[in-house]
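To start, the structure itself, in structure tokens.
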Amino acid sequence: MFKFFFVAALVPAMAMAAVNFRACPNGAPTPASLSVNNCAGSECILVAGQPLNAVASGIVSPVGSATATAHIVARVAGLDVGFELPPALANACQAGLIGGCPVVAGTPFDYALVDDSLDAPARDIPVEIEVGLTGDGGVALACVRFDARIQ
């Protein structure tokens with residue numbers, strides 16, 4: 001009976017498994033956890049034309065900001081492949097920051113990136129994806145990098 005309860009408790013936890021990520025070189029804060037679609041582990045498989053749902057939870061910025069602008073960079077072998085965030089998603093205060101702006105220094109916040117149709121120029125090769133938030137005066141509010149393969 002105990003085994004059944006253990007398995008039943010473990011299945012939801014595996015469905016919400018976190019993606020392995022790295023900090024960006026700019027020293028921006030990273031989230032406590034990152035989930036991207038149904039990915040887990042070190043390489044996330046994303047499907048072009050399908051929705052992209054990413055949630056970065058528990059970000060704590062040391063600076064406050066009245067604004068937040070999102071950016072995404074996709075790199076192949078270190079080179080930017082020219083992926084552009086849809087304009088409607090660039091203003092993170094309106095689309096992404098859960099609870100909206102302002103970002104309050106020292107207070108944890110969550111960011112959700114929901115793109116209804118992933119349009120990516122690089123296909124079936126390993127890419128590094130960087131997602132970041134920039135605030136007032138260009139200050140880095142958050143940034144994370146993770147590995148993916150877009151099919």
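Ordering of the structure tokens sets the chain letters (A, B, ...), residue numbers begin anew at 1 in every chain, and ligands are numbered from 1 in the order given.
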
message = as a VMD selection string, please: every residue in chain A that DSSP puts in strand (DSSP E).
response = chain A and resid 33 to 36 44 to 46 52 to 59 69 to 76 79 to 80 109 to 115 126 to 134 140 to 150

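Residue neighbourhood of stretch 135-151 of chain A, excluding near-sequence residues (fewer than 3 positions): Phe21, Arg22, Ala23, Cys24, Ala28, Pro29, Thr30, Glu43, Cys44, Ile45, Leu46, Val47, Ala48, Ser61, Ser65, Thr67, Ala68, Arg123, Asp124, Ile125, Pro126, Val127, Glu128, Ile129, Glu130, Val131 and Gly132 of chain A, at 6 Å, using only C-alpha atoms.
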
Next, the residues of the selection above should be written as a compact mmCIF listing (two decimals), in the first residue's frame with N, CA, C and O atoms.
# COMPACT_ATOMS: atom_id res chain seq x y z
N PHE A 21 19.25 24.68 -16.03
CA PHE A 21 19.56 25.97 -16.62
C PHE A 21 20.85 26.52 -16.04
O PHE A 21 21.36 26.03 -15.03
N ARG A 22 21.35 27.55 -16.71
CA ARG A 22 22.57 28.23 -16.29
C ARG A 22 22.30 29.71 -16.14
O ARG A 22 21.40 30.25 -16.79
N ALA A 23 23.13 30.37 -15.36
CA ALA A 23 23.07 31.83 -15.25
C ALA A 23 23.65 32.44 -16.52
O ALA A 23 24.46 31.83 -17.21
N CYS A 24 23.23 33.64 -16.82
CA CYS A 24 23.79 34.39 -17.96
C CYS A 24 25.07 35.08 -17.52
O CYS A 24 25.24 35.39 -16.34
N ALA A 28 22.91 38.55 -14.04
CA ALA A 28 21.51 38.81 -13.67
C ALA A 28 20.99 37.69 -12.77
O ALA A 28 21.44 36.54 -12.86
N PRO A 29 20.03 38.00 -11.92
CA PRO A 29 19.43 36.98 -11.07
C PRO A 29 18.80 35.84 -11.90
O PRO A 29 18.31 36.08 -13.01
N THR A 30 18.82 34.65 -11.35
CA THR A 30 18.20 33.49 -11.98
C THR A 30 17.01 33.06 -11.12
O THR A 30 16.94 33.40 -9.94
N GLU A 43 18.33 18.72 -21.79
CA GLU A 43 17.99 19.21 -23.12
C GLU A 43 16.48 19.15 -23.31
O GLU A 43 15.86 18.12 -23.14
N CYS A 44 15.92 20.27 -23.69
CA CYS A 44 14.48 20.39 -23.87
C CYS A 44 14.15 20.22 -25.35
O CYS A 44 14.78 20.87 -26.20
N ILE A 45 13.20 19.35 -25.67
CA ILE A 45 12.76 19.18 -27.06
C ILE A 45 11.53 20.06 -27.27
O ILE A 45 10.52 19.89 -26.60
N LEU A 46 11.65 21.03 -28.19
CA LEU A 46 10.55 21.93 -28.52
C LEU A 46 10.13 21.66 -29.95
O LEU A 46 10.95 21.28 -30.78
N VAL A 47 8.86 21.87 -30.26
CA VAL A 47 8.34 21.61 -31.60
C VAL A 47 7.93 22.93 -32.24
O VAL A 47 7.08 23.66 -31.71
N ALA A 48 8.54 23.23 -33.39
CA ALA A 48 8.21 24.46 -34.12
C ALA A 48 6.73 24.44 -34.49
O ALA A 48 6.18 23.41 -34.86
N SER A 61 15.16 40.04 -7.72
CA SER A 61 16.04 41.07 -8.25
C SER A 61 16.52 41.97 -7.11
O SER A 61 15.72 42.35 -6.26
N SER A 65 12.13 48.04 -10.42
CA SER A 65 11.94 48.63 -11.74
C SER A 65 10.46 48.81 -12.01
O SER A 65 9.66 47.93 -11.72
N THR A 67 9.44 49.18 -15.08
CA THR A 67 9.24 48.56 -16.38
C THR A 67 10.00 47.24 -16.45
O THR A 67 10.92 47.00 -15.66
N ALA A 68 9.62 46.41 -17.42
CA ALA A 68 10.33 45.15 -17.67
C ALA A 68 10.14 44.79 -19.14
O ALA A 68 9.01 44.72 -19.62
N ARG A 123 16.44 24.33 -36.90
CA ARG A 123 15.66 23.10 -36.72
C ARG A 123 16.56 21.88 -36.58
O ARG A 123 17.54 21.74 -37.30
N ASP A 124 16.18 21.03 -35.65
CA ASP A 124 16.81 19.74 -35.40
C ASP A 124 18.32 19.81 -35.15
O ASP A 124 19.06 18.92 -35.56
N ILE A 125 18.74 20.86 -34.51
CA ILE A 125 20.12 20.99 -34.06
C ILE A 125 20.10 21.55 -32.64
O ILE A 125 19.16 22.25 -32.26
N PRO A 126 21.12 21.26 -31.86
CA PRO A 126 21.14 21.79 -30.50
C PRO A 126 21.26 23.31 -30.51
O PRO A 126 22.04 23.88 -31.27
N VAL A 127 20.45 23.95 -29.68
CA VAL A 127 20.50 25.41 -29.54
C VAL A 127 20.58 25.75 -28.05
O VAL A 127 20.14 24.97 -27.20
N GLU A 128 21.14 26.90 -27.77
CA GLU A 128 21.12 27.45 -26.43
C GLU A 128 20.11 28.59 -26.46
O GLU A 128 20.19 29.46 -27.33
N ILE A 129 19.17 28.57 -25.54
CA ILE A 129 18.15 29.60 -25.50
C ILE A 129 18.38 30.45 -24.25
O ILE A 129 18.55 29.92 -23.15
N GLU A 130 18.39 31.76 -24.46
CA GLU A 130 18.53 32.71 -23.37
C GLU A 130 17.25 33.53 -23.28
O GLU A 130 16.78 34.06 -24.29
N VAL A 131 16.70 33.62 -22.10
CA VAL A 131 15.51 34.44 -21.85
C VAL A 131 15.88 35.40 -20.73
O VAL A 131 16.37 34.96 -19.68
N GLY A 132 15.65 36.69 -20.96
CA GLY A 132 16.02 37.67 -19.96
C GLY A 132 15.00 38.79 -19.84
O GLY A 132 14.19 39.01 -20.73

inquiry  = Could you go through chain A and tell me which residues DSSP, when run on the backbone, assigns to helix (DSSP H, G or I), listing them as a list in words?
reply    =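 So the helix (DSSP H, G or I) residues in chain A would be Phe2, Lys3, Phe4, Phe5, Phe6, Val7, Ala8, Ala9, Leu10, Val11, Pro12, Ala13, Met14, Ala15, Pro87, Ala88, Leu89, Ala90, Asp136, Gly137 and Gly138 of chain A.
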
request  = Skip A:Glu84 itself and residues of its chain fewer than 6 positions away, then list as a list in words all residues within 9 Å of it, counting only C-alpha atoms.
outcome  = His71, Ile72, Val73, Ala74, Asp119 and Ala120 of chain A

Can you list every residue of stretch 21-46 of chain A that has an atom at most 10 Å from stretch 108-113 of chain A, with its nearest atom pair and the distance in Å to one decimal, using only C-alpha atoms, ordered by chain then number, as JSON lines?
{"residue": "A:Pro31", "atom": "CA", "partner": "A:Asp110", "partner_atom": "CA", "distance": 8.1}
{"residue": "A:Ala32", "atom": "CA", "partner": "A:Pro108", "partner_atom": "CA", "distance": 9.5}
{"residue": "A:Ser33", "atom": "CA", "partner": "A:Asp110", "partner_atom": "CA", "distance": 9.8}
{"residue": "A:Leu34", "atom": "CA", "partner": "A:Tyr111", "partner_atom": "CA", "distance": 9.7}
{"residue": "A:Ser35", "atom": "CA", "partner": "A:Ala112", "partner_atom": "CA", "distance": 9.5}
{"residue": "A:Val36", "atom": "CA", "partner": "A:Leu113", "partner_atom": "CA", "distance": 9.2}
